[in-house]
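Heads up: the structure comes next, in structure tokens.
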Amino acid sequence: MFSPWLRSLAAKAFAPIPDEPAWMWADREVRFRKQHSAEPCYRSAKTPWVRWLHEIMQAPWRMRKGRRVRIRRVRIKKCTQSGFTEAILNGFRRAAKFDPKNFIYAINSKDEAVNVRERLVDTLEALGEHVFKPGEDADELTKLTLRLREMTGWFIGSFSEGAFANKPAPWVVADEYDDHATFTNNATTLDLLEERVKKFDDESLSIALGKPQLVGGPIDKEHAKGDQFEWMVPCPHCGCCQLLEWERVRFGHCKDLFGKWDRERVLAETFYECLSGCHITEDRKEWMEAQGRWYLTALGDPETVSLHMSDLHALDKGSTLGHLALEFIDAAAAAKKGDFTKLQVFNNGRLGLGFEQRVEKFGLIDVMNCRAAYRRGTIPQAGLILCDGMDVGLYVNTKWVAIAMHPQTAEGWIIDWNVAGQPSDLLTIIREKSYRCPTDGSALAARFAFIDVRYKTDKVYAVAQQMPGRIFPMMGLPAQTIARGISWDTVPGMPADFGVIKFKKEGANDDLLLDRIKGRRPPLIHFPEDADEEFMLEFTHERLIKDPVTARLSWAPKPNGPNHWQDATEMVLTGFDFLIDGPRTRASLPIAAAPAPAEV
């Protein structure tokens with residue numbers, strides 16, 4: 001009854017959806033022409049971090065705190081070689097063949113919209129003619145609409161407000177989001193796109209991605225709203241799982257006898273120093289990336305997944321550690337002459353980070369100036385009160401400090417520091433560690449302890465309950481989320497006298513970095529004369545920056561490197577300030593339901 005061609009078309013049209021991850025299907029089926037890719041076929045092994053985005057578009061669900069949560073938004077701060085755009089196109093390709101869905105793809109210009117459409121059409125042709133709507137000319141690229149079998153895709157330049165109207169689509173994408181226009185009543189393209197998906201509650205997915213241009217810019221703000229994930233990889237030598245950070249790329253040794261950069265050596269000898277001190281060379285990156293995983297690093301809206309990726313993970317030949325080092329050297333040289341353009345491009349495109357102009361630097365010399373005439377592990381004078389502070393990491397980087405505090409002036413002397421495994425280690429530190437005072441021969445153990453509650457909250461609460469009135473959970477918060485400098489908040493479900501000390505993180509930075517360290521204003525903080533460089537460097541990574549639009553000074557949302565010992569120190573200074581009713585407490589509003597700590 002039916003022609004062989006029609007029977008073949010029907011068989012293809014109703015083929016069952018393959019029971020495999022979407023990225024695995026793309027590896028097998030997606031083919032490129034030479035003008036679109038140096039690779040003949042898609043290989044997710046080159047960008048393994050995008051496999052999760054494939055899976056989200058295939059089935060937008062995940063587990064969160066033991067519950068199954070629907071993913072409705074994905075926000076991505078990407079780098080130049082991230083591969084996320086291709087992953088989104090793979091989602092469209094798979095839908096065209098197995099599960100048709102309308103989509104809108106908005107990018108920063110009409111020309112770029114045409115380029116993306118052309119790339120998609122090319123690969124759809126390789127999947128078979130049956131994906132196109134009968135009679136549609138697949139080569140007609142002057143139009144920005146792609147009509148497929150039971151599926152329509154609209155490609156839109158981001159500067160046309162009317163182009164978003166009357167286009168029903170469960171999938172919407174805003175690419176290169178920092179370059180998009182703002183429309184009437186400050187509406188953004190993302191606002192207009194999300195209006196399109198409201199009627200598709202069961203299938204809706206909104207994706208915004210781009211290279212962030214400025215800290216606090218459009219994609220930076222969107223990214224901050226969700227549960228934030230970072231791609232972490234294991235060291236091939238010691239197995240330590242870690243986030244790759246630019247500050248740990250080592251190339252300073254690649255200079256000639258006259259102190260000038262030897263560019264050949266930079267290309268060949270640049271390496272990455274892992275958290276344990278191992279030297280990781282370029283040839284080990286492919287193994288590392290194959291073992292990588294997305295780790296949750298900050299909580300936000302549970303229905304929004306926020307991802308960040310830098311070219312430190314890139315496996316293409318133009319993005320080796322040596323190539324990145326050379327780009328940074330050139331950018332830094334231009335910045336010294338007052339031209340920050342290259343440095344901003346490096347931050348945006350290579351690190352996937354917004355740019356900021358730093359106006360206050362905290363260098364190692366500032367911390368070294370805080371050293372005093374006493375040795376690590378000794379109490380410099382009698383009559384001090386020892387306090388411990390612990391900054392709890394989500395997976396790694398749980399670190400603690402011991403600081404001797406003056407009971408009247410709140411002056412502090414850092415006595416000891418180290419790395420811990422779990423919050424419960426704080427109990428052992430308090431019970432077993434004491435330090436001798438050479439002046440009177442007395443031994444001092446910790447009277448109070450302060451511990452970060454942001455991660456491993458239940459374990460922190462359990463530790464604090466074992467020493468009530470001595471161990472205090474603490475949480476540093478942005479200024480806009482807390483009304484007082486320091487406050488005491490009870491915890492639902494806990495005893496009435498159990499609570500968390502919450503404080504403004506910016507105020508703690510001002511106190512420690514600007515006043516005590518940089519300005520050397522009382523109450524001072526002292527470091528032992530034998531403090532090691534690794535410890536002191538953690539006090540140099542915060543950045544005070546100027547907003548390029550408002551010129552307002554503020555602390556950058558994230559430090560330039562690890563600062564866990566600094567955070568632990570700030571908890572001791574702030575917590576002790578709270579216990580003795582110190583200056584920052586007196587400057588704030590009255591504290592209700594405050595505990596009655598042991599007499600200081």
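Simple scheme: letters A, B, ... for chains in structure tokens order, numbers from 1 for residues in each chain, numbers from 1 for ligands in the order shown.
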Taking 4 positions as the minimum chain separation for residues in the same chain, which residues sit within 7 Å of region 374-387 of chain A when counting only C-alpha atoms? Answer as a VMD selection string.
chain A and resid 402 to 407 415 to 416 435 to 437 439 to 440 444 to 449 528 to 531 572
So which residues of region 61-307 of chain A fall under strand (DSSP E or B) by DSSP, listed as a PyMOL selection string?
chain A and resi 61-64+67-70+73-77+103-107+132+145-148+151-157+171-174+182+188+205-210+214+226-234+241-243+249-250+255+261+271-273+279-280+293-298+301-307
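CA of Lys502 (chain A) is positioned 23.5 Å from CA of Ile429 (chain A).
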Can you tell me, as a short mmCIF file (atom, residue, chain, number, x, y, z; two decimals) with N, CA and C atoms, in the first residue's frame, what residues are no more than 7 Å from Arg31 (chain A) when counting only C-alpha atoms, ignoring any on the same chain fewer than 2 positions away?
data_model
loop_
_atom_site.label_atom_id
_atom_site.label_comp_id
_atom_site.auth_asym_id
_atom_site.auth_seq_id
_atom_site.Cartn_x
_atom_site.Cartn_y
_atom_site.Cartn_z
N GLU A 29 26.93 9.60 16.69
CA GLU A 29 26.12 10.03 15.56
C GLU A 29 26.46 11.39 14.97
N PRO A 40 36.42 15.31 12.73
CA PRO A 40 35.35 14.81 11.85
C PRO A 40 34.08 14.44 12.60
N CYS A 41 34.19 14.15 13.88
CA CYS A 41 33.02 13.75 14.66
C CYS A 41 33.09 14.34 16.06
N TYR A 42 31.96 14.35 16.72
CA TYR A 42 31.91 14.88 18.08
C TYR A 42 32.58 13.90 19.04
N THR A 123 24.95 19.40 10.59
CA THR A 123 24.98 18.11 11.31
C THR A 123 23.63 17.42 11.27
N ALA A 126 23.45 15.21 8.33
CA ALA A 126 24.16 13.94 8.51
C ALA A 126 23.32 12.93 9.28
#
At a cut-off of 9 Å, using only C-alpha atoms, what residues contact Arg250 (chain A)? Leave out same-chain residues fewer than 5 positions from it and give the result as JSON, numbers by chain.
{"A": [269, 270, 271, 272, 273, 325]}
Can you list every residue in region 506-557 of chain A that DSSP puts in helix (DSSP H, G or I), as an NGL selection string?
:A and (506-518 or 533-537)
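When CA of Lys342 (chain A) is paired with CA of Ile329 (chain A), their separation reads 10.0 Å.
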Near Asp489 (chain A), counting only C-alpha atoms, which residues have an atom at most 8 Å away, once you skip same-chain residues fewer than 4 positions from it, shown as a list in words?
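Here the qualifying residues turn out to be Gly499, Val500, Ile501, Lys502 and Ala593 of chain A.
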Generate the output file for the selected residues, C-alpha atoms, as a PDB file, in the first residue's frame.
ATOM      1  CA  GLY A 499      22.569  29.288  68.147  1.00  0.00           C
ATOM      2  CA  VAL A 500      24.857  30.569  65.389  1.00  0.00           C
ATOM      3  CA  ILE A 501      26.972  33.715  65.470  1.00  0.00           C
ATOM      4  CA  LYS A 502      26.383  35.476  62.158  1.00  0.00           C
ATOM      5  CA  ALA A 593      18.714  35.981  72.967  1.00  0.00           C
TER       6      ALA A 593
END
If you take only C-alpha atoms and a cut-off of 10 Å, which residues of region 27-101 of chain A touch region 147-152 of chain A, and what are their nearest atom pairs and distances in Å to one decimal, in chain and number order, as a Markdown table?
| residue | atom | partner | partner_atom | distance |
| --- | --- | --- | --- | --- |
| A:Phe92 | CA | A:Met151 | CA | 9.8 |
| A:Ala95 | CA | A:Met151 | CA | 8.6 |
| A:Ala96 | CA | A:Met151 | CA | 7.0 |
| A:Lys97 | CA | A:Arg149 | CA | 8.7 |
| A:Asp99 | CA | A:Met151 | CA | 9.0 |
| A:Pro100 | CA | A:Met151 | CA | 5.2 |
| A:Lys101 | CA | A:Met151 | CA | 5.5 |
Which polymer residues have any atom within 7 Å of an atom of region 504-517 of chain A, counting only C-alpha atoms, with same-chain residues fewer than 6 positions away left out, as a list of chain:residue names?
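Residues meeting the cut-off are A:Asp366, A:Val367, A:Cys370, A:Gly476, A:Leu477, A:Pro478, A:Ala479, A:Ile482, A:Gly485, A:Ile486, A:Pro523, A:Leu524, A:Ile525, A:Trp555, A:Glu570, A:Thr574.
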Nearest residue to Met57 (chain A) out of A:Phe103, A:Trp294, A:Phe576, A:Tyr177, using only C-alpha atoms?
A:Phe103
Using only C-alpha atoms, which residues sit within 9 Å of Pro218 (chain A) once same-chain residues fewer than 4 positions away are excluded, as a PyMOL selection string?
chain A and resi 177-180+212-214+222-223
Produce a file of the selected residues containing C-alpha atoms, as a PDB file, in the first residue's frame.
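Resulting contents of part-v1.pdb:
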ATOM      1  CA  TYR A 177      24.679  36.778  27.718  1.00  0.00           C
ATOM      2  CA  ASP A 178      26.905  39.651  28.865  1.00  0.00           C
ATOM      3  CA  ASP A 179      26.675  41.146  25.344  1.00  0.00           C
ATOM      4  CA  HIS A 180      22.853  41.128  25.183  1.00  0.00           C
ATOM      5  CA  PRO A 212      31.684  37.011  32.111  1.00  0.00           C
ATOM      6  CA  GLN A 213      33.030  40.472  31.379  1.00  0.00           C
ATOM      7  CA  LEU A 214      32.838  42.216  34.761  1.00  0.00           C
ATOM      8  CA  GLU A 222      22.683  34.875  37.184  1.00  0.00           C
ATOM      9  CA  HIS A 223      25.350  32.318  38.089  1.00  0.00           C
TER      10      HIS A 223
END
